[in-house]
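Asker: My structure is in upload-v5.cif, and what it holds is mmCIF, C-alpha atoms and all ligand atoms:
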data_coords
#
loop_
_atom_site.label_atom_id
_atom_site.label_comp_id
_atom_site.auth_asym_id
_atom_site.auth_seq_id
_atom_site.Cartn_x
_atom_site.Cartn_y
_atom_site.Cartn_z
CA MET A 1 -25.88 1.44 -11.64
CA THR A 2 -22.35 0.35 -10.74
CA THR A 3 -19.21 2.47 -10.69
CA THR A 4 -16.85 0.54 -12.91
CA LEU A 5 -13.69 2.60 -13.04
CA GLN A 6 -12.09 3.86 -16.19
CA PRO A 7 -8.59 2.45 -16.65
CA ALA A 8 -5.60 4.60 -15.74
CA VAL A 9 -4.97 7.31 -18.33
CA THR A 10 -1.81 5.70 -19.69
CA LEU A 11 -2.57 2.00 -19.83
CA PRO A 12 0.32 -0.27 -18.93
CA HIS A 13 1.08 -3.18 -21.30
CA LEU A 14 2.93 -6.36 -20.42
CA GLU A 15 5.40 -5.86 -23.25
CA ASP A 16 6.56 -2.57 -21.68
CA TYR A 17 8.04 -4.48 -18.75
CA THR A 18 10.46 -6.60 -20.77
CA ALA A 19 13.18 -3.99 -20.47
CA ILE A 20 12.95 -4.30 -16.67
CA VAL A 21 12.19 -7.95 -15.91
CA GLY A 22 13.27 -9.63 -19.18
CA GLN A 23 11.40 -11.36 -21.99
CA PRO A 24 11.27 -14.84 -20.36
CA GLU A 25 9.34 -13.47 -17.39
CA ILE A 26 6.70 -11.91 -19.67
CA ALA A 27 6.49 -15.04 -21.83
CA GLU A 28 5.91 -17.09 -18.68
CA LEU A 29 3.00 -14.81 -17.68
CA ARG A 30 1.37 -15.32 -21.06
CA THR A 31 1.75 -19.09 -20.75
CA PHE A 32 0.13 -19.12 -17.30
CA ALA A 33 -2.69 -16.93 -18.59
CA LYS A 34 -3.70 -19.10 -21.57
CA PRO A 35 -6.06 -21.48 -19.74
CA LEU A 36 -7.69 -18.49 -18.04
CA ALA A 37 -8.62 -16.64 -21.23
CA GLY A 38 -12.18 -15.29 -21.11
CA ARG A 39 -12.70 -16.16 -17.44
CA THR A 40 -14.33 -13.42 -15.39
CA LEU A 41 -12.78 -11.67 -12.43
CA THR A 42 -14.13 -8.92 -10.17
CA MET A 43 -12.07 -7.10 -7.58
CA VAL A 44 -13.69 -4.84 -5.00
CA ASN A 45 -12.11 -2.34 -2.61
CA SER A 46 -13.28 0.75 -0.79
CA THR A 47 -11.56 3.68 -2.43
CA ALA A 48 -10.57 4.59 -5.97
CA VAL A 49 -7.82 7.00 -4.93
CA GLY A 50 -5.51 7.40 -1.94
CA GLY A 51 -3.67 4.65 -0.14
CA GLY A 52 -1.83 1.62 -1.31
CA VAL A 53 -4.69 -0.64 -2.43
CA ALA A 54 -6.06 1.87 -4.95
CA GLU A 55 -2.50 2.44 -6.09
CA ILE A 56 -2.07 -1.26 -6.86
CA LEU A 57 -5.47 -1.85 -8.50
CA ASN A 58 -5.15 1.12 -10.85
CA ARG A 59 -2.25 -0.58 -12.57
CA LEU A 60 -2.93 -4.26 -11.90
CA MET A 61 -6.40 -4.43 -13.45
CA PRO A 62 -5.35 -3.35 -16.99
CA LEU A 63 -2.52 -5.91 -16.95
CA LEU A 64 -4.81 -8.72 -15.81
CA ASN A 65 -7.20 -7.76 -18.59
CA GLU A 66 -4.39 -7.92 -21.08
CA THR A 67 -3.59 -11.49 -20.07
CA GLY A 68 -7.05 -12.45 -21.36
CA LEU A 69 -9.09 -12.41 -18.16
CA GLN A 70 -12.24 -10.29 -18.20
CA ALA A 71 -11.28 -8.27 -15.15
CA ARG A 72 -13.51 -5.61 -13.55
CA TRP A 73 -12.73 -3.28 -10.64
CA GLU A 74 -15.58 -2.05 -8.43
CA VAL A 75 -15.37 0.45 -5.60
CA MET A 76 -17.83 0.14 -2.76
CA THR A 77 -19.75 3.22 -1.73
CA GLY A 78 -20.81 4.36 1.72
CA ASP A 79 -21.69 7.44 3.70
CA GLY A 80 -19.62 9.27 6.31
CA ARG A 81 -20.88 7.05 9.12
CA PHE A 82 -19.81 3.90 7.30
CA PHE A 83 -16.30 5.17 6.67
CA ALA A 84 -16.02 6.41 10.28
CA VAL A 85 -16.93 2.88 11.41
CA THR A 86 -14.54 1.18 9.00
CA LYS A 87 -11.75 3.53 10.06
CA ALA A 88 -12.39 2.64 13.71
CA MET A 89 -12.38 -1.04 12.72
CA HIS A 90 -9.17 -0.55 10.75
CA ASN A 91 -7.45 1.05 13.73
CA ALA A 92 -8.75 -1.67 16.07
CA LEU A 93 -7.61 -4.43 13.73
CA HIS A 94 -4.18 -2.82 13.93
CA GLY A 95 -4.37 -3.14 17.72
CA ALA A 96 -5.84 0.20 18.89
CA PRO A 97 -8.92 0.26 21.16
CA PHE A 98 -12.21 0.00 19.25
CA LEU A 99 -13.76 3.45 19.52
CA ALA A 100 -17.08 3.25 17.73
CA PRO A 101 -20.78 3.75 18.45
CA PRO A 102 -22.78 0.71 19.69
CA ASP A 103 -24.49 0.26 16.32
CA ALA A 104 -21.16 0.23 14.44
CA PHE A 105 -21.54 -3.30 13.10
CA ASP A 106 -25.12 -2.59 11.96
CA VAL A 107 -23.82 0.41 10.01
CA PHE A 108 -21.12 -1.83 8.52
CA LEU A 109 -23.57 -4.55 7.49
CA ALA A 110 -26.13 -2.10 6.09
CA ALA A 111 -23.54 -0.54 3.78
CA ASN A 112 -22.36 -3.96 2.66
CA GLU A 113 -25.97 -4.94 1.98
CA GLN A 114 -26.51 -1.82 -0.15
CA ASN A 115 -23.36 -2.52 -2.13
CA ARG A 116 -24.37 -6.12 -2.58
CA LYS A 117 -27.51 -4.92 -4.33
CA ARG A 118 -25.58 -2.37 -6.39
CA ILE A 119 -22.56 -4.39 -7.58
CA VAL A 120 -22.92 -7.41 -9.83
CA LEU A 121 -20.96 -10.18 -8.12
CA ASP A 122 -21.27 -13.18 -10.37
CA SER A 123 -17.71 -13.61 -11.65
CA GLU A 124 -15.83 -16.88 -11.65
CA PHE A 125 -13.15 -15.24 -9.48
CA THR A 126 -13.94 -12.55 -6.93
CA VAL A 127 -11.26 -10.80 -4.91
CA ILE A 128 -12.45 -8.63 -2.04
CA HIS A 129 -9.85 -6.26 -0.59
CA ASP A 130 -9.69 -5.56 3.14
CA PRO A 131 -12.39 -5.51 5.82
CA GLN A 132 -14.66 -2.76 4.45
CA PRO A 133 -16.35 -4.91 1.76
CA ALA A 134 -15.74 -8.28 3.50
CA ALA A 135 -19.46 -8.98 4.01
CA LEU A 136 -20.07 -8.86 0.24
CA ILE A 137 -19.41 -12.61 0.39
CA ALA A 138 -23.10 -12.88 1.31
CA ALA A 139 -23.76 -12.34 -2.41
CA ARG A 140 -22.17 -15.67 -3.25
CA GLU A 141 -24.61 -18.17 -4.62
CA LYS A 142 -24.11 -21.57 -3.08
CA ASP A 143 -20.70 -22.88 -4.19
CA HIS A 144 -20.62 -20.47 -7.14
CA GLY A 145 -17.27 -19.00 -8.11
CA TYR A 146 -14.05 -18.76 -6.23
CA TRP A 147 -13.91 -16.06 -3.56
CA ILE A 148 -10.69 -14.64 -2.13
CA TRP A 149 -10.28 -12.22 0.75
CA ARG A 150 -7.18 -10.09 0.19
CA CYS A 151 -6.15 -8.58 3.51
CA HIS A 152 -3.62 -5.73 3.26
CA ILE A 153 -3.39 -5.06 6.97
CA ASP A 154 -1.62 -6.61 9.93
CA LEU A 155 -4.14 -8.61 11.96
CA SER A 156 -1.69 -10.01 14.48
CA HIS A 157 -2.77 -7.55 17.21
CA ALA A 158 -6.42 -7.33 16.20
CA ASP A 159 -8.93 -6.12 18.77
CA LYS A 160 -11.01 -9.11 19.83
CA THR A 161 -14.44 -7.49 19.42
CA VAL A 162 -13.79 -6.47 15.84
CA TRP A 163 -12.04 -9.67 14.87
CA ASP A 164 -14.76 -11.84 16.43
CA PHE A 165 -17.25 -9.95 14.28
CA LEU A 166 -15.21 -10.17 11.10
CA ARG A 167 -13.81 -13.70 11.30
CA PRO A 168 -17.05 -15.57 10.45
CA TRP A 169 -17.34 -13.46 7.29
CA VAL A 170 -13.72 -14.14 6.34
CA GLU A 171 -14.14 -17.86 6.89
CA ARG A 172 -16.83 -17.98 4.20
CA TYR A 173 -14.13 -17.25 1.57
CA ASP A 174 -12.09 -19.95 -0.15
CA LYS A 175 -8.75 -18.39 0.72
CA ALA A 176 -7.25 -15.43 2.53
CA LEU A 177 -4.17 -13.59 1.25
CA PHE A 178 -1.85 -11.73 3.62
CA SER A 179 1.06 -9.36 2.93
CA ALA A 180 3.44 -10.84 5.49
CA PRO A 181 3.67 -14.11 7.43
CA ALA A 182 3.31 -12.27 10.73
CA PHE A 183 -0.01 -10.63 9.75
CA THR A 184 -2.19 -13.68 9.98
CA GLN A 185 -4.76 -14.96 12.46
CA ARG A 186 -6.03 -18.46 13.10
CA LEU A 187 -8.53 -19.18 10.36
CA LEU A 188 -10.43 -22.23 9.14
CA ILE A 189 -9.53 -21.40 5.53
CA PRO A 190 -6.09 -21.61 3.86
CA GLN A 191 -3.92 -18.51 4.05
CA ILE A 192 -1.39 -17.49 1.43
CA LEU A 193 1.53 -15.06 1.54
CA PHE A 194 1.01 -12.46 -1.17
CA TYR A 195 3.39 -9.52 -1.35
CA PRO A 196 1.98 -6.27 -2.66
CA THR A 197 3.97 -4.70 -5.46
CA ILE A 198 4.79 -1.43 -7.18
CA ASP A 199 4.68 -0.53 -10.84
CA PRO A 200 8.06 0.70 -12.09
CA LEU A 201 6.39 2.33 -15.11
CA ALA A 202 3.67 4.22 -13.27
CA ASP A 203 4.05 7.97 -12.85
CA LYS A 204 4.81 7.29 -9.19
CA ASN A 205 7.95 5.32 -10.01
CA ARG A 206 9.14 5.92 -13.55
CA GLU A 207 12.43 7.60 -14.33
CA LEU A 208 12.22 11.40 -14.28
CA ASP A 209 14.19 14.13 -15.92
CA PRO A 210 16.40 15.61 -13.15
CA ARG A 211 15.22 19.06 -14.23
CA PHE A 212 11.67 18.08 -13.36
CA VAL A 213 12.83 16.91 -9.91
CA GLU A 214 14.57 20.26 -9.39
CA SER A 215 11.46 22.15 -10.48
CA VAL A 216 9.29 20.28 -7.97
CA LEU A 217 11.72 21.02 -5.14
CA ALA A 218 11.73 24.66 -6.20
CA ARG A 219 7.93 24.76 -6.36
CA PHE A 220 7.75 23.62 -2.73
CA GLN A 221 10.63 25.92 -1.69
CA ILE A 222 12.86 23.01 -0.68
CA ASP A 223 16.59 23.76 -0.81
CA PRO A 224 18.34 21.20 -3.08
CA ALA A 225 21.74 22.11 -1.61
CA ARG A 226 21.01 20.77 1.88
CA PRO A 227 20.06 17.17 2.84
CA ILE A 228 16.36 16.42 2.51
CA LEU A 229 14.72 13.85 4.80
CA THR A 230 11.26 12.83 3.62
CA GLN A 231 8.28 10.83 4.74
CA ILE A 232 5.46 10.35 2.22
CA SER A 233 2.29 9.18 3.95
CA ARG A 234 -1.35 9.91 4.45
CA PHE A 235 -1.78 12.12 7.54
CA ASP A 236 -2.59 9.24 9.82
CA ARG A 237 -1.49 8.76 13.45
CA LEU A 238 -0.30 5.25 12.66
CA LYS A 239 2.27 6.80 10.32
CA ASP A 240 3.56 8.83 13.31
CA PRO A 241 4.25 12.13 11.52
CA VAL A 242 4.71 13.90 14.86
CA GLY A 243 7.33 11.30 15.83
CA VAL A 244 9.12 12.07 12.55
CA ILE A 245 9.25 15.75 13.50
CA GLN A 246 10.69 14.85 16.91
CA ALA A 247 13.39 12.70 15.30
CA PHE A 248 14.17 15.45 12.79
CA ARG A 249 14.68 17.97 15.61
CA MET A 250 17.24 15.62 17.21
CA VAL A 251 19.09 15.18 13.90
CA ARG A 252 19.17 18.87 13.14
CA ARG A 253 21.31 19.60 16.18
CA TYR A 254 24.13 17.88 14.24
CA HIS A 255 23.25 18.28 10.55
CA ASP A 256 21.86 21.26 8.68
CA CYS A 257 18.99 19.50 6.95
CA GLN A 258 15.31 19.77 6.01
CA LEU A 259 12.27 17.64 6.58
CA VAL A 260 9.48 17.01 4.09
CA LEU A 261 6.22 15.48 5.27
CA ALA A 262 4.07 15.01 2.22
CA GLY A 263 0.69 13.40 2.12
CA GLY A 264 -2.93 13.70 1.33
CA GLY A 265 -6.11 12.03 2.38
CA ALA A 266 -7.97 8.98 1.19
CA SER A 267 -11.72 9.07 0.70
CA ASP A 268 -12.08 6.18 3.20
CA ASP A 269 -10.05 8.02 5.90
CA PRO A 270 -12.00 10.71 7.78
CA GLU A 271 -9.22 11.50 10.32
CA GLY A 272 -6.77 13.15 7.95
CA ALA A 273 -7.63 16.80 8.63
CA GLU A 274 -7.35 16.33 12.39
CA VAL A 275 -3.92 14.68 12.11
CA LEU A 276 -2.73 17.35 9.67
CA ALA A 277 -3.64 19.99 12.28
CA GLU A 278 -1.55 18.11 14.88
CA VAL A 279 1.37 18.00 12.46
CA MET A 280 1.15 21.73 11.72
CA HIS A 281 1.12 22.41 15.44
CA ALA A 282 4.21 20.23 15.99
CA ALA A 283 6.02 21.84 13.03
CA ASN A 284 5.45 25.20 14.66
CA GLU A 285 6.15 27.18 11.48
CA ASP A 286 9.72 25.91 11.29
CA PRO A 287 10.88 26.98 7.79
CA ASP A 288 12.88 23.76 7.42
CA ILE A 289 9.86 21.55 7.99
CA HIS A 290 7.83 21.36 4.79
CA VAL A 291 4.37 19.96 5.40
CA LEU A 292 2.86 19.40 1.97
CA GLU A 293 -0.76 18.54 1.50
CA LEU A 294 -0.98 16.95 -1.91
CA PRO A 295 -4.01 16.10 -4.02
CA PRO A 296 -4.44 12.37 -4.75
CA THR A 297 -3.26 12.79 -8.33
CA SER A 298 0.22 13.99 -7.31
CA HIS A 299 2.06 10.89 -8.50
CA LEU A 300 4.76 12.73 -10.43
CA GLU A 301 5.30 15.17 -7.57
CA ILE A 302 5.69 12.31 -5.06
CA ASN A 303 8.06 10.55 -7.43
CA ALA A 304 10.09 13.76 -7.70
CA LEU A 305 10.11 14.33 -3.94
CA GLN A 306 11.32 10.76 -3.37
CA ARG A 307 14.02 11.10 -6.03
CA GLY A 308 15.10 14.50 -4.74
CA SER A 309 15.44 13.27 -1.15
CA THR A 310 18.64 12.27 0.60
CA ILE A 311 16.93 9.75 2.90
CA ILE A 312 13.38 8.41 3.00
CA ILE A 313 11.77 7.81 6.39
CA GLN A 314 8.80 5.55 7.14
CA LYS A 315 8.30 5.80 10.87
CA SER A 316 4.99 3.95 11.08
CA LEU A 317 3.71 2.67 14.42
CA ARG A 318 1.73 0.01 12.57
CA GLU A 319 1.82 -0.67 8.89
CA GLY A 320 0.30 -2.82 6.23
CA PHE A 321 2.99 -3.63 3.73
CA GLY A 322 4.23 -0.07 3.34
CA LEU A 323 4.33 0.55 -0.39
CA THR A 324 6.12 3.85 0.14
CA VAL A 325 9.14 1.81 1.24
CA SER A 326 9.21 -0.22 -1.99
CA GLU A 327 8.84 3.01 -3.94
CA ALA A 328 11.83 4.55 -2.18
CA LEU A 329 14.01 1.44 -2.50
CA TRP A 330 13.21 1.20 -6.21
CA LYS A 331 14.61 4.74 -6.52
CA LYS A 332 17.81 3.54 -4.81
CA LYS A 333 17.17 5.69 -1.76
CA PRO A 334 18.51 4.82 1.69
CA VAL A 335 15.50 4.14 3.90
CA VAL A 336 15.11 4.47 7.68
CA ALA A 337 11.92 2.69 8.64
CA SER A 338 10.16 1.17 11.63
CA ALA A 339 10.35 -2.58 12.02
CA VAL A 340 6.57 -3.00 11.76
CA GLY A 341 4.14 -4.66 9.38
CA GLY A 342 5.59 -5.65 6.03
CA ILE A 343 8.53 -3.26 6.30
CA PRO A 344 11.05 -5.91 7.50
CA SER A 345 10.29 -7.95 4.36
CA GLN A 346 11.56 -4.98 2.37
CA VAL A 347 14.16 -3.42 4.60
CA LEU A 348 16.72 -6.06 5.49
CA HIS A 349 18.56 -4.34 8.30
CA LYS A 350 21.86 -2.79 7.18
CA ILE A 351 21.54 -4.51 3.78
CA THR A 352 18.67 -2.79 1.98
CA GLY A 353 18.04 -0.02 4.55
CA VAL A 354 17.91 0.34 8.31
CA LEU A 355 15.17 -0.64 10.74
CA THR A 356 14.34 1.33 13.87
CA GLN A 357 12.00 1.00 16.83
CA SER A 358 11.71 4.52 18.30
CA VAL A 359 12.07 8.27 17.80
CA GLU A 360 15.59 8.13 19.24
CA GLY A 361 16.52 5.14 17.07
CA THR A 362 15.23 6.90 13.97
CA ALA A 363 17.25 10.01 14.81
CA TYR A 364 20.35 7.92 15.46
CA GLN A 365 20.11 6.08 12.14
CA LEU A 366 19.40 9.28 10.21
CA ARG A 367 22.53 10.84 11.69
CA PHE A 368 24.54 7.72 10.89
CA LEU A 369 23.47 7.70 7.24
CA LEU A 370 24.01 11.44 6.81
CA SER A 371 27.56 10.93 8.09
CA ASN A 372 28.18 7.83 5.94
CA PRO A 373 26.93 8.64 2.43
CA GLU A 374 28.82 5.76 0.76
CA PHE A 375 27.15 3.21 3.05
CA ALA A 376 23.80 4.94 2.44
CA ARG A 377 24.35 4.69 -1.32
CA ARG A 378 25.05 0.95 -1.09
CA LEU A 379 21.86 0.39 0.89
CA GLY A 380 19.93 2.10 -1.89
CA GLU A 381 21.56 -0.03 -4.60
CA ASN A 382 20.77 -3.23 -2.71
CA GLY A 383 17.23 -2.03 -2.06
CA HIS A 384 16.63 -1.55 -5.77
CA GLU A 385 17.71 -5.13 -6.52
CA HIS A 386 15.55 -6.49 -3.68
CA VAL A 387 12.46 -4.75 -5.09
CA LYS A 388 13.27 -5.95 -8.61
CA GLU A 389 13.43 -9.55 -7.41
CA ASN A 390 10.30 -9.51 -5.26
CA PHE A 391 8.01 -6.50 -5.33
CA LEU A 392 7.29 -5.47 -8.93
CA ILE A 393 3.81 -5.59 -10.44
CA THR A 394 4.72 -8.43 -12.81
CA HIS A 395 5.17 -10.65 -9.73
CA ASN A 396 1.68 -9.69 -8.60
CA VAL A 397 0.19 -10.59 -11.98
CA LYS A 398 1.95 -13.94 -11.81
CA ARG A 399 0.76 -14.71 -8.27
CA TYR A 400 -2.86 -13.99 -9.16
CA LEU A 401 -2.68 -16.06 -12.34
CA LEU A 402 -1.23 -19.00 -10.44
CA LEU A 403 -3.90 -18.69 -7.78
CA PHE A 404 -6.71 -18.71 -10.33
CA LEU A 405 -5.10 -21.57 -12.26
CA ARG A 406 -4.92 -23.64 -9.12
CA ALA A 407 -8.57 -22.92 -8.37
CA LEU A 408 -9.50 -23.89 -11.92
CA ASN A 409 -7.58 -27.15 -11.75
CA LYS A 410 -9.24 -28.07 -8.48
CA ALA A 411 -12.76 -27.32 -9.71
N1 LIG B 501 0.44 8.21 -1.47
C1 LIG B 501 -0.02 9.16 -2.35
N2 LIG B 501 -0.31 10.38 -1.88
C2 LIG B 501 -0.15 10.71 -0.58
C3 LIG B 501 0.31 9.73 0.33
C4 LIG B 501 0.60 8.47 -0.16
O1 LIG B 501 -0.16 8.91 -3.56
O2 LIG B 501 -0.43 11.83 -0.22
C5 LIG B 501 0.73 6.89 -2.00
C6 LIG B 501 2.12 6.38 -1.72
O3 LIG B 501 3.04 6.86 -2.68
C7 LIG B 501 1.91 4.88 -1.78
C8 LIG B 501 0.51 4.72 -1.20
O4 LIG B 501 -0.15 5.98 -1.40
O5 LIG B 501 1.89 4.43 -3.11
C9 LIG B 501 0.54 4.42 0.29
O6 LIG B 501 0.69 3.05 0.46
P1 LIG B 501 1.26 2.46 1.81
O7 LIG B 501 1.19 0.98 1.69
O8 LIG B 501 2.62 3.04 2.07
O9 LIG B 501 0.30 3.01 2.94
P2 LIG B 501 -1.30 3.06 3.13
O10 LIG B 501 -1.68 4.48 2.79
O11 LIG B 501 -1.92 2.04 2.22
O12 LIG B 501 -1.49 2.79 4.59
#
Just give me the structure of the file as structure tokens.
Ligand code: UDP

Answerer:
Amino acid sequence: MTTTLQPAVTLPHLEDYTAIVGQPEIAELRTFAKPLAGRTLTMVNSTAVGGGVAEILNRLMPLLNETGLQARWEVMTGDGRFFAVTKAMHNALHGAPFLAPPDAFDVFLAANEQNRKRIVLDSEFTVIHDPQPAALIAAREKDHGYWIWRCHIDLSHADKTVWDFLRPWVERYDKALFSAPAFTQRLLIPQILFYPTIDPLADKNRELDPRFVESVLARFQIDPARPILTQISRFDRLKDPVGVIQAFRMVRRYHDCQLVLAGGGASDDPEGAEVLAEVMHAANEDPDIHVLELPPTSHLEINALQRGSTIIIQKSLREGFGLTVSEALWKKKPVVASAVGGIPSQVLHKITGVLTQSVEGTAYQLRFLLSNPEFARRLGENGHEHVKENFLITHNVKRYLLLFLRALNKA
């Protein structure tokens, strides 16, 4: 039995986006989709909730279906050992040392083998997201279908052991998609730049009644009268939540403000509880540091926290694309973010936000923006336009349709 997911509760429809991107854009999508009507597509990733990939697929799959493709989303399954191994691989692909037991790759391959037996992989187009299910390509019948590896992480500093293991699997695909030009590795297959996107109509991003925003701040005992600095992220060391607390303490010497660190776990991330404990220790019961552990369904709450914030921080040490940044820019928020991963594609320094490299730099920029609210407001306005032009879900639909069309025309 396979675990085909139910669509999101409120299904998005292409027509709904005309008010945001305009009718010609939607008409163009329908034109591109015509030759693809009835073609089959399967996408596979490793978690149904938590993290950016699940966030994207929840909204993208219904829209792709609406264009006429028969699109299915499958989530791979695995036990605790498998996800511990894939987390270690994930960290190592981001450049950390590879800390895993000697049989790590056997565990990886065994789980992929089990999923290969469980999931039907016979579509004309198959898109496999990230390293966890990468070895599912073994299910490909000779020359059948068009297989794409969609990599959401930055491979530029990949640990050699892990990359040497993974690369031969990746090179069996027809194409690899990366979220930023700097993320790539030398590969024998073509690589394509493919920005991730956000959905402006999803609960995470849609307009909210200001009274709802106020009620969420009140529920978490956050004072709306004083500046609120916020980082929304899974409790993951690569998001540097402890570094955010250090920067906040430097800022607070000059500005009476509050910090919100809000996040939850993802089912494919076993380290969350440990990192949360480190964060609680660093916060040291400071009443102005609000550490919020949110369930994975808290989209409206996160939306409200972002909208209620004065500045959004994303102080990652390494990052994939960093969807939280797009989400904040869409809400016209000034953003202070590390110049890592896909963040510089979104935050154009001093135009759509500010980029930093360190705890001290983050503190400096936060102070600067708190002292210059008009400049901060302009950054937010520009950020919104930048996201509208480049990082909305309709762009993602279009890129996939064009990719499949190209494959069809070559076949
Ligand atoms: N997110 C969430 N709950 C949390 C933390 C994050 O829903 O507790 C969402 C966040 O709003 C964003 C995504 O998960 O949509 C995180 O994507 P990003 O690319 O920023 O980071 P990732 O978690 O994929 O490394």

Asker: When distances are computed from all atoms listed in the file, which of A:Ala247, A:Val325, A:Val170, A:Leu217 shows the smallest separation from ligand LIG 501 (chain B)?

Answerer: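 Closest to ligand LIG 501 (chain B), using all atoms listed in the file: A:Val325.
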
Asker: Pick from A:Ile302, A:Ile245, A:Ala283, A:Leu403: nearest to ligand LIG 501 (chain B), with only C-alpha atoms and all ligand atoms counted?

Answerer: A:Ile302

Asker: Scan for residues within 8 Å of the point (-14.7, -14.4, -20.5) in the coordinates of the file, using only C-alpha atoms, and reply as a PyMOL selection string.

Answerer: chain A and resi 37-40+68-70

Asker: Report, in Å with one decimal, the straight-line distance from atom CA of A:Gln132 to atom CA of A:Pro101.

Answerer: 16.6 Å

Asker: Taking all atoms listed in the file into account, produce a table as a tab-separated table in which each residue of chain A with an atom at most 9 Å from an atom of ligand LIG 501 (chain B) appears once, together with its shortest atom pair and the distance in Å to one decimal, ordered by chain and rising number.

Answerer:
residue	atom	partner	partner_atom	distance
A:Val49	CA	B:LIG501	O1	8.0
A:Gly50	CA	B:LIG501	O4	5.6
A:Gly51	CA	B:LIG501	O10	3.5
A:Gly52	CA	B:LIG501	O6	3.4
A:Val53	CA	B:LIG501	O11	6.0
A:Ala54	CA	B:LIG501	O4	8.0
A:Glu55	CA	B:LIG501	O5	5.7
A:Ile56	CA	B:LIG501	O5	7.9
A:His152	CA	B:LIG501	O11	8.0
A:Ile153	CA	B:LIG501	O12	8.4
A:Pro196	CA	B:LIG501	O7	8.5
A:Ile198	CA	B:LIG501	O5	7.7
A:Lys204	CA	B:LIG501	O3	6.8
A:Asn205	CA	B:LIG501	O3	9.0
A:Ile232	CA	B:LIG501	C3	5.5
A:Ser233	CA	B:LIG501	C3	4.2
A:Arg234	CA	B:LIG501	C3	4.4
A:Phe235	CA	B:LIG501	C3	7.9
A:Asp236	CA	B:LIG501	O12	8.4
A:Leu238	CA	B:LIG501	O12	8.5
A:Lys239	CA	B:LIG501	O12	7.9
A:Ala262	CA	B:LIG501	O2	6.0
A:Gly263	CA	B:LIG501	O2	3.0
A:Gly264	CA	B:LIG501	O2	3.5
A:Gly265	CA	B:LIG501	O2	6.2
A:Ala266	CA	B:LIG501	O10	7.9
A:Leu292	CA	B:LIG501	O2	8.5
A:Glu293	CA	B:LIG501	O2	6.9
A:Leu294	CA	B:LIG501	O2	5.4
A:Pro295	CA	B:LIG501	O2	6.7
A:Pro296	CA	B:LIG501	N2	5.4
A:Thr297	CA	B:LIG501	O1	6.9
A:Ser298	CA	B:LIG501	O1	6.3
A:His299	CA	B:LIG501	O1	5.8
A:Ile302	CA	B:LIG501	O3	6.5
A:Asn303	CA	B:LIG501	O3	7.8
A:Gln314	CA	B:LIG501	O8	8.4
A:Glu319	CA	B:LIG501	O12	6.4
A:Gly320	CA	B:LIG501	O7	6.0
A:Phe321	CA	B:LIG501	O7	5.4
A:Gly322	CA	B:LIG501	O7	3.6
A:Leu323	CA	B:LIG501	O7	3.8
A:Thr324	CA	B:LIG501	O8	4.1
A:Val325	CA	B:LIG501	O8	6.7
A:Ser326	CA	B:LIG501	O8	8.4
A:Glu327	CA	B:LIG501	O3	7.1

Asker: Counting all atoms listed in the file, what is within 8 Å of stretch 139-151 of chain A, bar same-chain residues fewer than 3 positions away, as a list in words?

Answerer: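 Selected residues are Arg116, Leu121, Asp122, Ser123, Glu124, Phe125, Thr126, Val127, Ile128, His129, Asp130, Pro131, Ala134, Leu136, Val170, Tyr173, Asp174, Lys175, Ala176, Leu177, Phe178, Ser179 and Ala407 of chain A.
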
Asker: Calculated over all atoms listed in the file, which of the candidates A:Leu109, A:Ala96, A:Ile351, A:Ala158 has the smallest distance to A:Asn382?

Answerer: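 Closest to A:Asn382, using all atoms listed in the file: A:Ile351.
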
Asker: When you count all atoms listed in the file, which of these residues is closest to A:Thr31: A:Thr67, A:Gln231, A:Gln191, A:Ser345?

Answerer: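 Selected residue with least distance to A:Thr31: A:Thr67.
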
Asker: For a quick check of your reading of the model, name the residues lying within 8 Å of the coordinate (10.1, 9.2, -7.2), counting all atoms listed in the file, and write them as a PyMOL selection string.

Answerer: chain A and resi 204-208+300-308+327-328+331

Asker: I'd like the interatomic distance between atom CA of A:Leu63 and atom CA of A:Ala138, to a tenth of an Å.

Answerer: 28.4 Å

Asker: Hey, can you check how far atom CA of A:Lys333 sits from atom CA of A:Gly380?

Answerer: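 If I compute the distance from atom CA of A:Lys333 to atom CA of A:Gly380, I get 4.5 Å.
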
Asker: A:Met76, A:Pro168, A:Gly272, A:Leu401: which is nearest A:Asn112, counting all atoms listed in the file?

Answerer: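 Ranking A:Met76, A:Pro168, A:Gly272, A:Leu401 by distance to A:Asn112, first place goes to A:Met76.
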
Asker: Measuring between all atoms listed in the file, which one of A:Ile192, A:Leu355, A:Met43, A:Ala182 shows the shortest distance to A:Arg399?

Answerer: A:Ile192
